[in-house]
file final-v8.cif (mmCIF, C-alpha atoms and all ligand atoms)
data_work
loop_
_atom_site.label_atom_id
_atom_site.label_comp_id
_atom_site.auth_asym_id
_atom_site.auth_seq_id
_atom_site.Cartn_x
_atom_site.Cartn_y
_atom_site.Cartn_z
CA MET A 1 18.22 -53.95 46.92
CA LEU A 2 21.64 -52.63 47.74
CA SER A 3 24.21 -54.81 49.31
CA ILE A 4 27.67 -54.15 50.60
CA ALA A 5 29.82 -56.65 52.40
CA VAL A 6 32.62 -54.47 53.66
CA ARG A 7 32.98 -51.61 56.09
CA PRO A 8 32.61 -48.70 53.72
CA ALA A 9 35.57 -46.44 53.19
CA CYS A 10 33.10 -44.48 51.14
CA PHE A 11 29.39 -45.04 51.66
CA ALA A 12 28.64 -42.87 48.65
CA ALA A 13 30.36 -45.26 46.27
CA ALA A 14 28.56 -48.22 47.76
CA VAL A 15 25.03 -46.89 47.86
CA SER A 16 25.13 -44.12 45.31
CA LEU A 17 24.66 -41.24 47.65
CA ALA A 18 25.73 -38.80 44.97
CA ALA A 19 22.64 -36.72 45.64
CA PHE A 20 23.77 -36.12 49.23
CA ALA A 21 26.27 -33.35 49.02
CA PRO A 22 28.00 -33.50 51.37
CA PRO A 23 26.63 -36.34 53.54
CA ALA A 24 26.94 -35.85 57.28
CA VAL A 25 29.17 -38.77 58.17
CA PRO A 26 29.47 -39.39 61.92
CA GLN A 27 32.50 -41.02 63.49
CA VAL A 28 32.86 -43.74 66.11
CA ASP A 29 36.34 -43.91 67.61
CA GLY A 30 37.67 -42.09 64.58
CA GLY A 31 36.08 -44.58 62.15
CA VAL A 32 33.47 -43.75 59.54
CA THR A 33 30.01 -45.12 60.28
CA ALA A 34 26.84 -44.50 58.26
CA PRO A 35 25.81 -41.12 56.86
CA PHE A 36 22.48 -39.42 57.42
CA VAL A 37 20.04 -40.53 54.71
CA THR A 38 16.34 -40.41 55.52
CA THR A 39 13.72 -43.12 55.12
CA PRO A 40 10.77 -41.76 53.07
CA VAL A 41 7.68 -41.07 55.21
CA GLU A 42 5.53 -43.68 53.45
CA VAL A 43 8.22 -46.30 54.14
CA VAL A 44 8.42 -45.23 57.80
CA GLU A 45 4.68 -45.83 58.12
CA ARG A 46 4.89 -49.27 56.47
CA MET A 47 7.86 -50.28 58.66
CA LEU A 48 5.92 -49.47 61.81
CA ALA A 49 2.78 -51.17 60.47
CA LEU A 50 4.76 -54.27 59.43
CA ALA A 51 6.02 -54.54 63.02
CA GLY A 52 2.40 -54.37 64.21
CA THR A 53 3.25 -51.31 66.33
CA THR A 54 0.66 -50.36 68.96
CA SER A 55 0.41 -47.98 71.89
CA SER A 56 1.93 -50.63 74.17
CA ASP A 57 5.18 -50.72 72.17
CA TYR A 58 8.52 -49.15 72.99
CA VAL A 59 10.07 -48.35 69.60
CA VAL A 60 13.82 -47.74 69.34
CA ASP A 61 15.32 -46.35 66.14
CA LEU A 62 19.04 -47.09 65.88
CA GLY A 63 20.72 -44.18 64.12
CA SER A 64 17.61 -42.04 64.40
CA GLY A 65 18.67 -39.22 62.06
CA ASP A 66 16.07 -36.44 62.15
CA GLY A 67 13.85 -38.50 64.50
CA ARG A 68 11.12 -39.20 61.95
CA ILE A 69 10.61 -42.90 62.82
CA VAL A 70 10.37 -42.34 66.57
CA ILE A 71 8.06 -39.34 66.08
CA ALA A 72 5.81 -41.30 63.67
CA ALA A 73 5.70 -44.23 66.14
CA ALA A 74 4.48 -41.87 68.86
CA LYS A 75 2.17 -39.70 66.76
CA GLN A 76 0.60 -42.24 64.41
CA PHE A 77 0.78 -45.42 66.50
CA GLY A 78 0.63 -44.06 70.07
CA ALA A 79 3.87 -45.83 71.01
CA GLN A 80 6.70 -44.64 73.24
CA GLY A 81 9.98 -44.17 71.44
CA LEU A 82 13.70 -43.69 71.78
CA GLY A 83 16.11 -42.50 69.12
CA LEU A 84 19.85 -43.15 69.40
CA GLU A 85 22.04 -41.02 67.19
CA LEU A 86 25.71 -40.01 67.06
CA ASP A 87 25.12 -36.58 65.58
CA ALA A 88 24.20 -34.13 68.37
CA LYS A 89 22.70 -31.63 65.89
CA LEU A 90 20.28 -34.25 64.59
CA VAL A 91 19.35 -35.16 68.16
CA ALA A 92 18.57 -31.49 68.93
CA GLN A 93 16.54 -31.26 65.71
CA SER A 94 14.65 -34.47 66.62
CA ARG A 95 13.73 -33.12 70.08
CA GLU A 96 12.46 -29.92 68.49
CA SER A 97 10.42 -31.84 65.88
CA ALA A 98 8.95 -34.06 68.60
CA ARG A 99 7.89 -30.94 70.53
CA ALA A 100 6.34 -29.45 67.38
CA ALA A 101 4.49 -32.74 66.73
CA GLY A 102 3.16 -32.78 70.30
CA VAL A 103 4.89 -36.04 71.22
CA ALA A 104 7.82 -34.80 73.33
CA GLY A 105 6.36 -36.61 76.36
CA ARG A 106 6.40 -40.00 74.64
CA THR A 107 9.76 -39.68 72.88
CA GLU A 108 13.38 -39.45 73.89
CA PHE A 109 16.49 -38.80 71.82
CA ARG A 110 20.02 -39.50 73.03
CA VAL A 111 23.45 -38.83 71.55
CA GLN A 112 24.77 -42.38 71.76
CA ASP A 113 26.58 -45.04 69.73
CA VAL A 114 24.11 -47.83 69.00
CA LEU A 115 26.82 -50.42 69.57
CA ARG A 116 27.26 -49.23 73.17
CA ALA A 117 23.66 -48.51 74.08
CA ASP A 118 21.28 -50.59 76.17
CA PHE A 119 18.01 -50.86 74.26
CA SER A 120 16.94 -54.22 75.71
CA ARG A 121 13.55 -52.71 76.71
CA ALA A 122 12.62 -52.27 73.04
CA THR A 123 9.66 -54.21 71.72
CA VAL A 124 10.16 -52.79 68.21
CA VAL A 125 13.57 -51.83 66.78
CA THR A 126 13.92 -49.99 63.49
CA VAL A 127 17.17 -49.82 61.53
CA TYR A 128 18.46 -48.11 58.41
CA LEU A 129 22.18 -48.67 58.81
CA LEU A 130 24.92 -50.18 56.71
CA PRO A 131 25.49 -53.95 56.53
CA TRP A 132 28.67 -53.99 58.64
CA LEU A 133 26.68 -52.40 61.48
CA MET A 134 23.77 -54.80 60.85
CA ALA A 135 26.22 -57.70 61.20
CA GLN A 136 27.40 -56.40 64.56
CA LEU A 137 23.88 -55.73 65.74
CA SER A 138 22.35 -59.17 65.02
CA PRO A 139 23.99 -60.97 68.02
CA ILE A 140 23.09 -57.99 70.23
CA PHE A 141 19.46 -58.32 69.11
CA LEU A 142 19.40 -62.09 69.63
CA ASP A 143 20.98 -61.95 73.09
CA GLY A 144 19.55 -58.69 74.36
CA LEU A 145 15.99 -58.33 73.08
CA LYS A 146 13.06 -60.20 74.54
CA PRO A 147 11.60 -63.03 72.45
CA GLY A 148 8.76 -61.60 70.40
CA ALA A 149 10.45 -58.22 69.86
CA ARG A 150 10.24 -57.17 66.21
CA ILE A 151 13.07 -55.71 64.17
CA VAL A 152 12.27 -53.83 60.99
CA THR A 153 14.94 -52.66 58.60
CA HIS A 154 14.94 -50.44 55.57
CA ALA A 155 16.93 -51.89 52.64
CA PHE A 156 19.52 -53.96 54.53
CA VAL A 157 19.43 -57.49 55.94
CA PHE A 158 21.43 -59.53 58.45
CA PRO A 159 24.16 -61.75 56.98
CA SER A 160 22.55 -65.12 57.84
CA TRP A 161 19.27 -64.52 59.70
CA LYS A 162 16.38 -64.93 57.24
CA PRO A 163 13.63 -62.30 57.56
CA ASP A 164 10.14 -63.41 58.65
CA ARG A 165 8.52 -60.95 56.27
CA VAL A 166 9.58 -58.81 53.32
CA GLU A 167 7.59 -55.99 51.76
CA LYS A 168 8.22 -53.62 48.87
CA VAL A 169 6.99 -50.03 49.04
CA ARG A 170 6.55 -47.92 45.90
CA LEU A 171 7.92 -44.43 46.45
CA ALA A 172 6.05 -41.27 45.51
CA VAL A 173 9.37 -39.47 44.92
CA PRO A 174 12.48 -41.45 43.86
CA HIS A 175 14.92 -41.94 46.74
CA PRO A 176 18.62 -41.27 46.06
CA SER A 177 19.68 -44.67 47.42
CA GLN A 178 16.58 -46.81 46.81
CA GLY A 179 15.23 -45.49 43.51
CA ASP A 180 11.48 -45.96 42.94
CA GLU A 181 11.00 -48.71 45.47
CA SER A 182 12.15 -49.47 49.01
CA THR A 183 12.32 -52.96 50.46
CA ILE A 184 11.60 -53.43 54.14
CA PHE A 185 12.30 -56.54 56.22
CA MET A 186 10.89 -57.80 59.51
CA TRP A 187 12.26 -60.32 61.99
CA VAL A 188 10.71 -61.60 65.22
CA VAL A 189 13.31 -62.35 67.90
CA PRO A 190 12.98 -66.08 68.62
CA ALA A 191 13.08 -67.68 72.07
CA ASN A 192 15.82 -70.21 72.64
CA ALA A 193 14.02 -73.54 72.22
CA ARG A 194 17.12 -75.62 71.53
CA GLY A 195 17.76 -78.69 73.68
CA GLN A 196 16.23 -81.84 75.13
CA TRP A 197 12.89 -81.41 76.82
CA GLN A 198 10.69 -83.72 78.86
CA ALA A 199 7.11 -83.53 80.14
CA ASP A 200 4.93 -85.97 82.02
CA SER A 201 1.28 -86.57 81.28
CA PRO A 202 -1.09 -89.10 82.89
CA ALA A 203 -0.72 -91.29 79.80
CA GLY A 204 3.09 -91.24 79.73
CA THR A 205 6.22 -89.19 79.15
CA TRP A 206 6.80 -86.79 76.25
CA ARG A 207 10.32 -86.09 75.01
CA LEU A 208 11.42 -83.49 72.46
CA ARG A 209 14.84 -82.82 70.89
CA ILE A 210 14.86 -79.39 69.30
CA ASP A 211 17.53 -78.05 66.96
CA GLN A 212 17.36 -74.38 66.14
CA ASN A 213 18.78 -71.98 63.58
CA PHE A 214 17.40 -68.52 64.43
CA GLN A 215 13.59 -68.94 64.10
CA GLU A 216 13.80 -72.26 62.22
CA VAL A 217 13.33 -75.30 64.42
CA ASP A 218 13.69 -78.99 63.84
CA VAL A 219 11.71 -81.12 66.30
CA GLU A 220 12.05 -84.86 66.96
CA GLY A 221 10.65 -86.84 69.81
CA GLU A 222 8.09 -89.16 71.29
CA GLY A 223 4.78 -88.83 73.06
CA GLU A 224 3.42 -91.42 75.51
CA GLY A 225 5.79 -94.06 74.15
CA ALA A 226 5.08 -93.42 70.45
CA LYS A 227 7.49 -91.78 68.00
CA LEU A 228 6.31 -88.35 66.86
CA ASP A 229 6.28 -88.11 63.09
CA ILE A 230 6.67 -84.31 62.83
CA LYS A 231 5.37 -82.63 59.65
CA THR A 232 5.48 -78.87 60.36
CA THR A 233 7.13 -76.67 62.98
CA LYS A 234 6.94 -72.98 63.77
CA LEU A 235 8.67 -70.72 66.29
CA GLU A 236 7.56 -67.09 66.41
CA GLY A 237 8.95 -65.23 69.41
CA GLU A 238 8.18 -67.55 72.30
CA ARG A 239 5.31 -69.34 70.54
CA LEU A 240 6.25 -72.86 69.46
CA SER A 241 3.95 -75.12 67.51
CA PHE A 242 4.27 -78.33 65.58
CA THR A 243 2.00 -80.78 63.84
CA GLY A 244 2.48 -84.44 63.07
CA ALA A 245 1.20 -87.85 64.03
CA ALA A 246 1.81 -90.55 66.60
CA ARG A 247 0.54 -94.13 66.21
CA GLY A 248 -1.54 -92.90 63.28
CA ALA A 249 -3.37 -90.22 65.34
CA PRO A 250 -2.89 -86.55 64.39
CA VAL A 251 -0.87 -84.54 66.92
CA THR A 252 -0.84 -80.74 67.19
CA PHE A 253 1.19 -78.96 69.86
CA THR A 254 1.03 -75.27 70.73
CA GLY A 255 2.96 -73.73 73.60
CA ARG A 256 5.28 -71.01 74.83
CA VAL A 257 9.02 -71.28 75.38
CA GLN A 258 9.80 -69.38 78.57
CA GLY A 259 13.36 -69.87 79.77
CA ASN A 260 13.72 -73.45 80.94
CA ARG A 261 10.14 -74.48 80.35
CA ILE A 262 7.77 -74.95 77.44
CA ALA A 263 4.17 -74.86 78.59
CA GLY A 264 1.34 -75.72 76.26
CA GLU A 265 -1.00 -78.44 75.15
CA ALA A 266 -1.00 -81.26 72.66
CA LYS A 267 -4.11 -82.36 70.82
CA VAL A 268 -3.84 -86.07 70.16
CA GLY A 269 -6.77 -87.19 68.06
CA GLU A 270 -9.77 -86.06 70.14
CA ARG A 271 -7.80 -85.70 73.41
CA THR A 272 -6.22 -82.51 74.78
CA VAL A 273 -3.09 -83.12 76.86
CA PRO A 274 -1.68 -80.21 78.96
CA LEU A 275 2.12 -80.40 78.93
CA VAL A 276 4.87 -78.53 80.77
CA PHE A 277 8.30 -79.44 79.38
CA ALA A 278 11.49 -78.91 81.36
CA LYS A 279 15.10 -79.38 80.28
C1 LIG B 1 20.80 -43.84 57.04
S1 LIG B 1 20.52 -42.71 58.39
C2 LIG B 1 18.92 -43.23 58.97
C3 LIG B 1 18.15 -42.15 59.69
C4 LIG B 1 16.76 -42.58 60.17
N1 LIG B 1 16.81 -43.75 61.00
C5 LIG B 1 15.86 -42.83 58.99
O1 LIG B 1 15.67 -44.02 58.66
O2 LIG B 1 15.36 -41.87 58.39
C6 LIG B 1 21.65 -43.41 59.57
C7 LIG B 1 21.84 -42.54 60.80
O3 LIG B 1 22.56 -43.31 61.75
C8 LIG B 1 23.49 -42.49 62.43
N2 LIG B 1 24.54 -43.40 62.89
C9 LIG B 1 25.48 -44.04 62.15
N3 LIG B 1 26.23 -44.85 62.91
C10 LIG B 1 25.74 -44.73 64.18
C11 LIG B 1 26.10 -45.31 65.42
N4 LIG B 1 27.10 -46.18 65.52
N5 LIG B 1 25.39 -44.97 66.52
C12 LIG B 1 24.36 -44.06 66.44
N6 LIG B 1 23.98 -43.48 65.28
C13 LIG B 1 24.67 -43.81 64.17
C14 LIG B 1 23.92 -41.48 61.38
O4 LIG B 1 24.37 -40.29 61.98
C15 LIG B 1 22.63 -41.29 60.59
O5 LIG B 1 21.90 -40.18 61.08
#
call {"tool": "encode", "arguments": {"input": "final-v8.cif", "output": "structure tokens"}}
result
Amino acid sequence: MLSIAVRPACFAAAVSLAAFAPPAVPQVDGGVTAPFVTTPVEVVERMLALAGTTSSDYVVDLGSGDGRIVIAAAKQFGAQGLGLELDAKLVAQSRESARAAGVAGRTEFRVQDVLRADFSRATVVTVYLLPWLMAQLSPIFLDGLKPGARIVTHAFVFPSWKPDRVEKVRLAVPHPSQGDESTIFMWVVPANARGQWQADSPAGTWRLRIDQNFQEVDVEGEGEGAKLDIKTTKLEGERLSFTGAARGAPVTFTGRVQGNRIAGEAKVGERTVPLVFAK
């Protein structure tokens, strides 16, 4: 996989774009951003499949190039899609390709800087942009996208947010930047579960203290007066679960983090305890 830590004065040097002569390099406020390099069609399909794209998704491709990801999302997966792209010629080409593919009604392409766009409606975001842009986008994704939204990238990762899934795709024709194999990455935007939570049940009070680093959570607490000995935790989107034991009985909790409440149920031994936690 390629990696670059600095804003590229020359993308070609960093990602061996020698085969792109000359690359179309768009500008933002006079600065160089990322050139137009396409994602191979088989990788596009795997990216959308890895995100679990369906007809109820709204797929946004950031830096949409010739529109291939948005068009594939609409044509092959039945989704709605939006492409944001700085280069007006590529946007015109994308609209034309969408018409030719019969998906103009489910797709939209705008000439817009991804760093200034509102794409908070997206349920799937696809990205093939340079690392310095990825670094600027990760807080936008975490603050702006709904928990459960999926982000899929081609080749590049966020500086400190670990991907939920990674997949390698063998390429039929070698790619000038990726060689014989592309790596794709998927993240699920986590809900904010951090904090101190409390819920009442007929048998007593439950308290949780949750620490969070992106999708990784650390849970401590007590249930009905007994310390929870937590063994496993998982946060995927708004779905929170943990397993452990209290007073020797197995405890499994599954619930959803929705703003200032976590609603779910705990199984304690043979009992099922409905719980609604508040902060
Ligand atoms: C590497 S290409 C990816 C094209 C397409 N998404 C794909 O995967 O085939 C990156 C594209 O992002 C566009 N781009 C770069 N910086 C951008 C920005 N700040 N806002 C919008 N588009 C940008 C470039 O013009 C280029 O077409």
call {"tool": "residues_near_point", "arguments": {"input": "final-v8.cif", "point": "(7.2, -47.1, 65.3)", "cutoff": "6 Å", "atoms": "only C-alpha atoms", "output": "CSV table (one decimal) with C-alpha atoms, in the frame of the given file"}}
result
chain,number,residue,atom,x,y,z
A,48,LEU,CA,5.9,-49.5,61.8
A,53,THR,CA,3.2,-51.3,66.3
A,59,VAL,CA,10.1,-48.4,69.6
A,69,ILE,CA,10.6,-42.9,62.8
A,70,VAL,CA,10.4,-42.3,66.6
A,73,ALA,CA,5.7,-44.2,66.1
call {"tool": "axis_aligned_box", "arguments": {"input": "final-v8.cif", "around": "ligand LIG 1 (chain B)", "padding_each_side": "6 Å", "output": "AutoDock Vina command-line options"}}
result
--center_x 21.2 --center_y -43.2 --center_z 61.8 --size_x 23.7 --size_y 18.0 --size_z 21.5
call {"tool": "closest_atom_pairs", "arguments": {"input": "final-v8.cif", "of": "chain A", "to": "ligand LIG 1 (chain B)", "cutoff": "7 Å", "atoms": "only C-alpha atoms and all ligand atoms", "output": "tab-separated table"}}
result
residue	atom	partner	partner_atom	distance
A:Ala24	CA	B:LIG1	O4	7.0
A:Val25	CA	B:LIG1	O4	6.3
A:Pro26	CA	B:LIG1	O4	5.2
A:Val28	CA	B:LIG1	N4	6.3
A:Thr33	CA	B:LIG1	N3	4.6
A:Ala34	CA	B:LIG1	C9	4.1
A:Pro35	CA	B:LIG1	C15	4.9
A:Phe36	CA	B:LIG1	C15	3.7
A:Val37	CA	B:LIG1	C1	4.1
A:Thr38	CA	B:LIG1	O2	3.4
A:Thr39	CA	B:LIG1	O2	3.9
A:Asp61	CA	B:LIG1	N1	5.9
A:Leu62	CA	B:LIG1	N6	6.1
A:Gly63	CA	B:LIG1	O3	3.1
A:Ser64	CA	B:LIG1	N1	3.9
A:Gly65	CA	B:LIG1	O5	3.5
A:Asp66	CA	B:LIG1	C4	6.5
A:Gly67	CA	B:LIG1	C4	6.6
A:Arg68	CA	B:LIG1	O2	6.1
A:Ile69	CA	B:LIG1	C5	6.5
A:Leu84	CA	B:LIG1	C12	5.5
A:Glu85	CA	B:LIG1	N6	3.7
A:Leu86	CA	B:LIG1	N6	4.3
A:Asp87	CA	B:LIG1	O4	5.2
A:Gln112	CA	B:LIG1	C12	5.6
A:Asp113	CA	B:LIG1	N5	3.4
A:Val114	CA	B:LIG1	N5	4.0
A:Leu115	CA	B:LIG1	N4	5.9
A:Val127	CA	B:LIG1	N1	6.1
A:Tyr128	CA	B:LIG1	C2	4.9
A:Leu129	CA	B:LIG1	C1	5.3
call {"tool": "write_last_selection", "arguments": {"input": "final-v8.cif", "atoms": "C-alpha atoms", "output": "PDB file, in the coordinates of the input"}}
result
ATOM      1  CA  ALA A  24      26.940 -35.850  57.280  1.00  0.00           C
ATOM      2  CA  VAL A  25      29.170 -38.770  58.170  1.00  0.00           C
ATOM      3  CA  PRO A  26      29.470 -39.390  61.920  1.00  0.00           C
ATOM      4  CA  VAL A  28      32.860 -43.740  66.110  1.00  0.00           C
ATOM      5  CA  THR A  33      30.010 -45.120  60.280  1.00  0.00           C
ATOM      6  CA  ALA A  34      26.840 -44.500  58.260  1.00  0.00           C
ATOM      7  CA  PRO A  35      25.810 -41.120  56.860  1.00  0.00           C
ATOM      8  CA  PHE A  36      22.480 -39.420  57.420  1.00  0.00           C
ATOM      9  CA  VAL A  37      20.040 -40.530  54.710  1.00  0.00           C
ATOM     10  CA  THR A  38      16.340 -40.410  55.520  1.00  0.00           C
ATOM     11  CA  THR A  39      13.720 -43.120  55.120  1.00  0.00           C
ATOM     12  CA  ASP A  61      15.320 -46.350  66.140  1.00  0.00           C
ATOM     13  CA  LEU A  62      19.040 -47.090  65.880  1.00  0.00           C
ATOM     14  CA  GLY A  63      20.720 -44.180  64.120  1.00  0.00           C
ATOM     15  CA  SER A  64      17.610 -42.040  64.400  1.00  0.00           C
ATOM     16  CA  GLY A  65      18.670 -39.220  62.060  1.00  0.00           C
ATOM     17  CA  ASP A  66      16.070 -36.440  62.150  1.00  0.00           C
ATOM     18  CA  GLY A  67      13.850 -38.500  64.500  1.00  0.00           C
ATOM     19  CA  ARG A  68      11.120 -39.200  61.950  1.00  0.00           C
ATOM     20  CA  ILE A  69      10.610 -42.900  62.820  1.00  0.00           C
ATOM     21  CA  LEU A  84      19.850 -43.150  69.400  1.00  0.00           C
ATOM     22  CA  GLU A  85      22.040 -41.020  67.190  1.00  0.00           C
ATOM     23  CA  LEU A  86      25.710 -40.010  67.060  1.00  0.00           C
ATOM     24  CA  ASP A  87      25.120 -36.580  65.580  1.00  0.00           C
ATOM     25  CA  GLN A 112      24.770 -42.380  71.760  1.00  0.00           C
ATOM     26  CA  ASP A 113      26.580 -45.040  69.730  1.00  0.00           C
ATOM     27  CA  VAL A 114      24.110 -47.830  69.000  1.00  0.00           C
ATOM     28  CA  LEU A 115      26.820 -50.420  69.570  1.00  0.00           C
ATOM     29  CA  VAL A 127      17.170 -49.820  61.530  1.00  0.00           C
ATOM     30  CA  TYR A 128      18.460 -48.110  58.410  1.00  0.00           C
ATOM     31  CA  LEU A 129      22.180 -48.670  58.810  1.00  0.00           C
TER      32      LEU A 129
END
call {"tool": "residues_around", "arguments": {"input": "final-v8.cif", "residues": "stretch 151-166 of chain A", "least_positions_apart": "3", "cutoff": "7 Å", "atoms": "only C-alpha atoms", "output": "list in words"}}
result
Met1, Leu2, Met47, Ala51, Val124, Val125, Thr126, Val127, Tyr128, Leu130, Pro131, Met134, Ala135, Ser138, Ser182, Thr183, Ile184, Phe185, Met186, Trp187, Val188 and Phe214 of chain A
call {"tool": "closest_residue", "arguments": {"input": "final-v8.cif", "among": "A:Arg99, A:Lys168, A:Lys146, A:Lys234", "to": "A:Gln212", "atoms": "all atoms listed in the file"}}
result
A:Lys234
call {"tool": "closest_residue", "arguments": {"input": "final-v8.cif", "among": "A:Gln215, A:Ser94, A:Thr272, A:Gln258", "to": "A:Glu108", "atoms": "all atoms listed in the file"}}
result
A:Ser94
call {"tool": "residues_near_point", "arguments": {"input": "final-v8.cif", "point": "(13.6, -35.5, 70.3)", "cutoff": "7 Å", "atoms": "only C-alpha atoms", "output": "PyMOL selection string"}}
result
chain A and resi 67+91-98+104+107-109
call {"tool": "residues_around", "arguments": {"input": "final-v8.cif", "residues": "A:Glu42", "least_positions_apart": "4", "cutoff": "8 Å", "atoms": "all atoms listed in the file", "output": "PDB file with C-alpha atoms, in the frame of the given file"}}
result
ATOM      1  CA  ARG A  46       4.890 -49.270  56.470  1.00  0.00           C
ATOM      2  CA  VAL A 169       6.990 -50.030  49.040  1.00  0.00           C
ATOM      3  CA  LEU A 171       7.920 -44.430  46.450  1.00  0.00           C
TER       4      LEU A 171
END
call {"tool": "atom_distance", "arguments": {"input": "final-v8.cif", "atom1": "atom CA of A:Gln136", "atom2": "atom CA of A:Ala149"}}
result
17.9 Å
call {"tool": "atom_distance", "arguments": {"input": "final-v8.cif", "atom1": "atom CA of A:Val189", "atom2": "atom CA of A:Leu145"}}
result
7.1 Å
call {"tool": "residues_around", "arguments": {"input": "final-v8.cif", "residues": "A:Pro147", "least_positions_apart": "3", "cutoff": "6 Å", "atoms": "all atoms listed in the file", "output": "MDAnalysis selection string"}}
result
chainID A and resid 189:191 237:238
call {"tool": "atom_distance", "arguments": {"input": "final-v8.cif", "atom1": "atom CA of A:Leu142", "atom2": "atom CA of A:Arg106"}}
result
26.1 Å
call {"tool": "closest_residue", "arguments": {"input": "final-v8.cif", "among": "A:Glu167, A:Asp229, A:Glu265, A:Glu216", "to": "A:Asp200", "atoms": "all atoms listed in the file"}}
result
A:Glu265
call {"tool": "closest_residue", "arguments": {"input": "final-v8.cif", "among": "A:Arg116, A:Arg110, A:Arg247, A:Arg261", "to": "A:Leu228", "atoms": "all atoms listed in the file"}}
result
A:Arg247
